[in-house]
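Structure first, commentary second.
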Amino acid sequence: MVLIELYTSVQGESSFAGMPCIFVRLAGCNLRCSWCDSEYTFTGGEKFSLEQIERKIAALAPVKLIEFTGGEPMLQARELLPLMDRLLAQDYTLLLETSGERPLNSVPKAVHKIMDVKCPASGESGRFHLPNLGALTARDEVKFVLSDRADYEFARDFIGDHDLASRCGQVLLSPAFSKMPSRQLSAENCRLDPRMLVEWMLADNLPARLSLQIHKFIWEPMKKGV
Ligand code: SF4
């Protein structure tokens with residue numbers, strides 16, 4: 001597998017936010033979201049065998065929560081899926097952060113999928129693989145990253161049209177972050193004001209959860225490997 005980085009931090013998003021977690025960041029992405037904060041994953045990386053990655057993970061004991069992220073991890077599904085099986089057999093809890101563009105029906109059911117549905121301002125709306133809705137379980141979380149009111153309305157309608165709250169464990173609404181943030185640990189670096197988003201969610205009684213990227217409020221927003 002081609003790896004960008006592997007490290008321990010606290011999980012920044014999802015219902016696992018704040019928990020110690022091993023991040024396995026894989027190289028390569030086939031999308032180009034306008035607000036992407038992981039462009040350094042698009043090229044490069046270093047090749048490792050599954051055994052080498054397992055050893056790196058074991059060296060970070062006792063953390064038993066692992067997130068596979070990228071880039072788009074499912075571009076390396078041929079190696080990723082067997083690795084997931086091996087780690088599940090060792091009692092790790094696995095999270096898969098994915099754009100939702102690749103088919104997810106072959107991902108082991110025990111894995112917690114955190115699946116994006118890209119909104120219009122990302123520039124990649126429409127790339128979502130709709131049959132992935134059928135692969136969701138109560139373990140899974142669906143995330144919308146929002147830049148403006150049009151994104152919010154897209155998410156609101158998608159949640160309603162597909163009865164998303166009954167298909168998965170969590171629906172997450174996350175304000176997009178500026179690509180040129182100040183060094184301040186502040187919500188002013190969000191492209192969409194979280195307070196405004198909360199008002200919209202309450203007005204619509206939306207069955208969703210506000211999700212802030214807490215690592216961007218702990219460390220400088222552009223910091224990697226945290
Ligand atoms: S899918 Fe993720 S890694 Fe790929 S361009 Fe979009 S935000 Fe960046």
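Letters A, B, ... mark the chains of the structure tokens in the order given; residue numbers begin at 1 per chain; ligand numbers begin at 1, in order shown.
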
Secondary structure check, alpha helix (DSSP H) residues of segment 109-197 of chain A, as a VMD selection string = chain A and resid 149 to 161 164 to 167 194 to 197

ask   = Could you pull the residues within 9 Å of Leu212 of chain A, counting only C-alpha atoms, minus those fewer than 6 positions along the same chain, as a PyMOL selection string?
value = chain A and resi 12-14+173-175+194

Report the closest atom pair, with its distance in Å rounded to one decimal, for each residue of segment 109-164 of chain A that has an atom no farther than 12 Å from segment 27-35 of chain A; count only C-alpha atoms, sort by chain and then rising residue number, and write it as CSV.
```
residue,atom,partner,partner_atom,distance
A:Asp116,CA,A:Cys33,CA,11.5
A:Val117,CA,A:Cys33,CA,11.6
A:Lys118,CA,A:Cys33,CA,8.3
A:Cys119,CA,A:Cys33,CA,9.6
A:Pro120,CA,A:Cys33,CA,9.9
A:Ala121,CA,A:Ser34,CA,7.2
A:Ser122,CA,A:Cys33,CA,4.8
A:Gly123,CA,A:Cys33,CA,5.9
A:Glu124,CA,A:Cys33,CA,6.0
A:Ser125,CA,A:Cys33,CA,9.1
A:Gly126,CA,A:Leu31,CA,11.3
A:Arg127,CA,A:Leu31,CA,8.5
A:Phe128,CA,A:Leu31,CA,10.8
A:Val145,CA,A:Trp35,CA,9.3
A:Leu146,CA,A:Trp35,CA,9.9
A:Ser147,CA,A:Trp35,CA,8.8
```

Selected residues, N, CA, C and O atoms, written as a CSV table (one decimal), in the first residue's frame, please.
```
chain,number,residue,atom,x,y,z
A,116,ASP,N,-18.7,10.7,3.0
A,116,ASP,CA,-19.1,12.0,2.5
A,116,ASP,C,-20.2,11.9,1.5
A,116,ASP,O,-20.2,11.0,0.7
A,117,VAL,N,-21.0,12.9,1.5
A,117,VAL,CA,-21.8,13.2,0.3
A,117,VAL,C,-21.4,14.6,-0.1
A,117,VAL,O,-21.6,15.6,0.6
A,118,LYS,N,-20.7,14.7,-1.3
A,118,LYS,CA,-20.2,16.0,-1.6
A,118,LYS,C,-21.3,17.0,-2.1
A,118,LYS,O,-22.1,16.7,-2.9
A,119,CYS,N,-21.2,18.2,-1.5
A,119,CYS,CA,-22.1,19.3,-1.8
A,119,CYS,C,-21.7,20.2,-3.0
A,119,CYS,O,-20.5,20.1,-3.4
A,120,PRO,N,-22.6,21.0,-3.5
A,120,PRO,CA,-22.2,21.7,-4.8
A,120,PRO,C,-20.9,22.6,-4.7
A,120,PRO,O,-20.1,22.6,-5.6
A,121,ALA,N,-20.7,23.3,-3.6
A,121,ALA,CA,-19.5,24.2,-3.5
A,121,ALA,C,-18.2,23.4,-3.5
A,121,ALA,O,-17.1,24.0,-3.7
A,122,SER,N,-18.3,22.1,-3.3
A,122,SER,CA,-17.0,21.3,-3.3
A,122,SER,C,-16.5,21.2,-4.8
A,122,SER,O,-15.4,20.9,-5.0
A,123,GLY,N,-17.5,21.4,-5.7
A,123,GLY,CA,-17.1,21.2,-7.1
A,123,GLY,C,-17.1,19.7,-7.5
A,123,GLY,O,-16.9,19.3,-8.7
A,124,GLU,N,-17.5,18.8,-6.6
A,124,GLU,CA,-17.5,17.3,-6.9
A,124,GLU,C,-18.9,16.7,-6.6
A,124,GLU,O,-19.0,15.5,-6.5
A,125,SER,N,-19.9,17.6,-6.4
A,125,SER,CA,-21.2,17.1,-6.2
A,125,SER,C,-21.6,16.3,-7.4
A,125,SER,O,-21.3,16.6,-8.6
A,126,GLY,N,-22.3,15.2,-7.2
A,126,GLY,CA,-22.7,14.4,-8.4
A,126,GLY,C,-21.8,13.2,-8.6
A,126,GLY,O,-22.1,12.3,-9.3
A,127,ARG,N,-20.7,13.2,-7.8
A,127,ARG,CA,-19.8,12.0,-7.9
A,127,ARG,C,-20.1,10.9,-6.9
A,127,ARG,O,-19.5,9.9,-6.9
A,128,PHE,N,-21.1,11.2,-6.1
A,128,PHE,CA,-21.5,10.2,-5.1
A,128,PHE,C,-22.0,8.9,-5.8
A,128,PHE,O,-22.8,9.0,-6.7
A,145,VAL,N,-20.0,18.3,4.1
A,145,VAL,CA,-19.2,19.5,4.4
A,145,VAL,C,-19.8,20.7,3.7
A,145,VAL,O,-19.9,20.7,2.4
A,146,LEU,N,-20.1,21.7,4.4
A,146,LEU,CA,-20.9,22.8,3.9
A,146,LEU,C,-20.1,24.1,3.8
A,146,LEU,O,-19.5,24.5,4.8
A,147,SER,N,-20.3,24.8,2.7
A,147,SER,CA,-19.7,26.1,2.5
A,147,SER,C,-20.7,27.3,2.5
A,147,SER,O,-20.3,28.4,2.8
```

key: For Leu6 of chain A, the nearest of the candidates A:Arg156, A:Asp151, A:Ala110, A:Gly225, counting only C-alpha atoms   = A:Gly225

task = For atom CA of Ala59 of chain A and atom CA of Glu39 of chain A, quote the distance in Å rounded to one decimal.
result = 27.6 Å

task = Just list the residues in segment 90-190 of chain A DSSP gives strand (DSSP E) on the backbone, as a list in words.
result = Thr93, Leu94, Leu95, Leu96, Glu97, Thr98, His112, Lys113, Ile114, Met115, Asp116, Glu141, Val142, Lys143, Phe144, Val145, Leu146, Gln170, Val171, Leu172, Leu173, Ser174 and Pro175 of chain A

request  = Have a look at atom CA of Cys36 of chain A and atom 5 (S, counted along the ligand's line) of ligand 1 and let me know their distance in Å, one decimal.
outcome  =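 Result for atom CA of Cys36 of chain A versus atom 5 (S, counted along the ligand's line) of ligand 1: 5.2 Å, one decimal.
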
Set out as JSON lines a contact list for segment 59-167 of chain A and segment 207-211 of chain A with a cut-off of 10 Å, giving each residue of segment 59-167 of chain A that qualifies its closest atom pair and distance in Å to one decimal, counting only C-alpha atoms, ordered by chain and rising residue number.
```
{"residue": "A:Val142", "atom": "CA", "partner": "A:Ala208", "partner_atom": "CA", "distance": 9.5}
{"residue": "A:Lys143", "atom": "CA", "partner": "A:Ser211", "partner_atom": "CA", "distance": 8.7}
{"residue": "A:Phe144", "atom": "CA", "partner": "A:Ser211", "partner_atom": "CA", "distance": 9.5}
{"residue": "A:Val145", "atom": "CA", "partner": "A:Ser211", "partner_atom": "CA", "distance": 9.3}
{"residue": "A:Arg156", "atom": "CA", "partner": "A:Ala208", "partner_atom": "CA", "distance": 9.2}
{"residue": "A:Ile159", "atom": "CA", "partner": "A:Pro207", "partner_atom": "CA", "distance": 8.2}
{"residue": "A:Gly160", "atom": "CA", "partner": "A:Pro207", "partner_atom": "CA", "distance": 9.1}
{"residue": "A:Asp163", "atom": "CA", "partner": "A:Pro207", "partner_atom": "CA", "distance": 9.8}
{"residue": "A:Leu164", "atom": "CA", "partner": "A:Pro207", "partner_atom": "CA", "distance": 8.7}
{"residue": "A:Ala165", "atom": "CA", "partner": "A:Pro207", "partner_atom": "CA", "distance": 6.3}
{"residue": "A:Ser166", "atom": "CA", "partner": "A:Pro207", "partner_atom": "CA", "distance": 9.6}
```

Could you please take those selected residues and save C-alpha atoms as an mmCIF file, in the first residue's frame?
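Below you can see out00.cif, which holds the result:
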```cif
data_model
loop_
_atom_site.group_PDB
_atom_site.id
_atom_site.type_symbol
_atom_site.label_atom_id
_atom_site.label_comp_id
_atom_site.auth_asym_id
_atom_site.auth_seq_id
_atom_site.Cartn_x
_atom_site.Cartn_y
_atom_site.Cartn_z
ATOM 1 C CA VAL A 142 -22.764 10.269 6.595
ATOM 2 C CA LYS A 143 -21.066 13.655 6.438
ATOM 3 C CA PHE A 144 -21.870 16.803 4.480
ATOM 4 C CA VAL A 145 -19.168 19.498 4.397
ATOM 5 C CA ARG A 156 -31.189 19.038 3.965
ATOM 6 C CA ILE A 159 -31.248 13.807 4.108
ATOM 7 C CA GLY A 160 -35.018 14.010 3.643
ATOM 8 C CA ASP A 163 -34.484 9.117 4.796
ATOM 9 C CA LEU A 164 -30.841 9.197 5.780
ATOM 10 C CA ALA A 165 -31.362 9.331 9.552
ATOM 11 C CA SER A 166 -32.933 5.854 9.499
#
```

task = Skip Pro73 of chain A itself and residues of its chain fewer than 3 positions away, then list as an MDAnalysis selection string all residues within 12 Å of it, counting only C-alpha atoms.
result = chainID A and resid 1:4 23:30 41:42 67:70 76:81 83:84 95:104 107 113:115

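With distances restricted to only C-alpha atoms, A:Val226 is the closest residue to Pro20 of chain A from A:Val226, A:Ala89, A:Leu202, A:Gly71.
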
message = For a quick check of understanding, using only C-alpha atoms, which of A:Ala150, A:Met201, A:Leu172, A:Ile218 has the smallest distance to Ser186 of chain A?
response =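 When distances to Ser186 of chain A are compared using only C-alpha atoms, the smallest one comes from A:Ile218.
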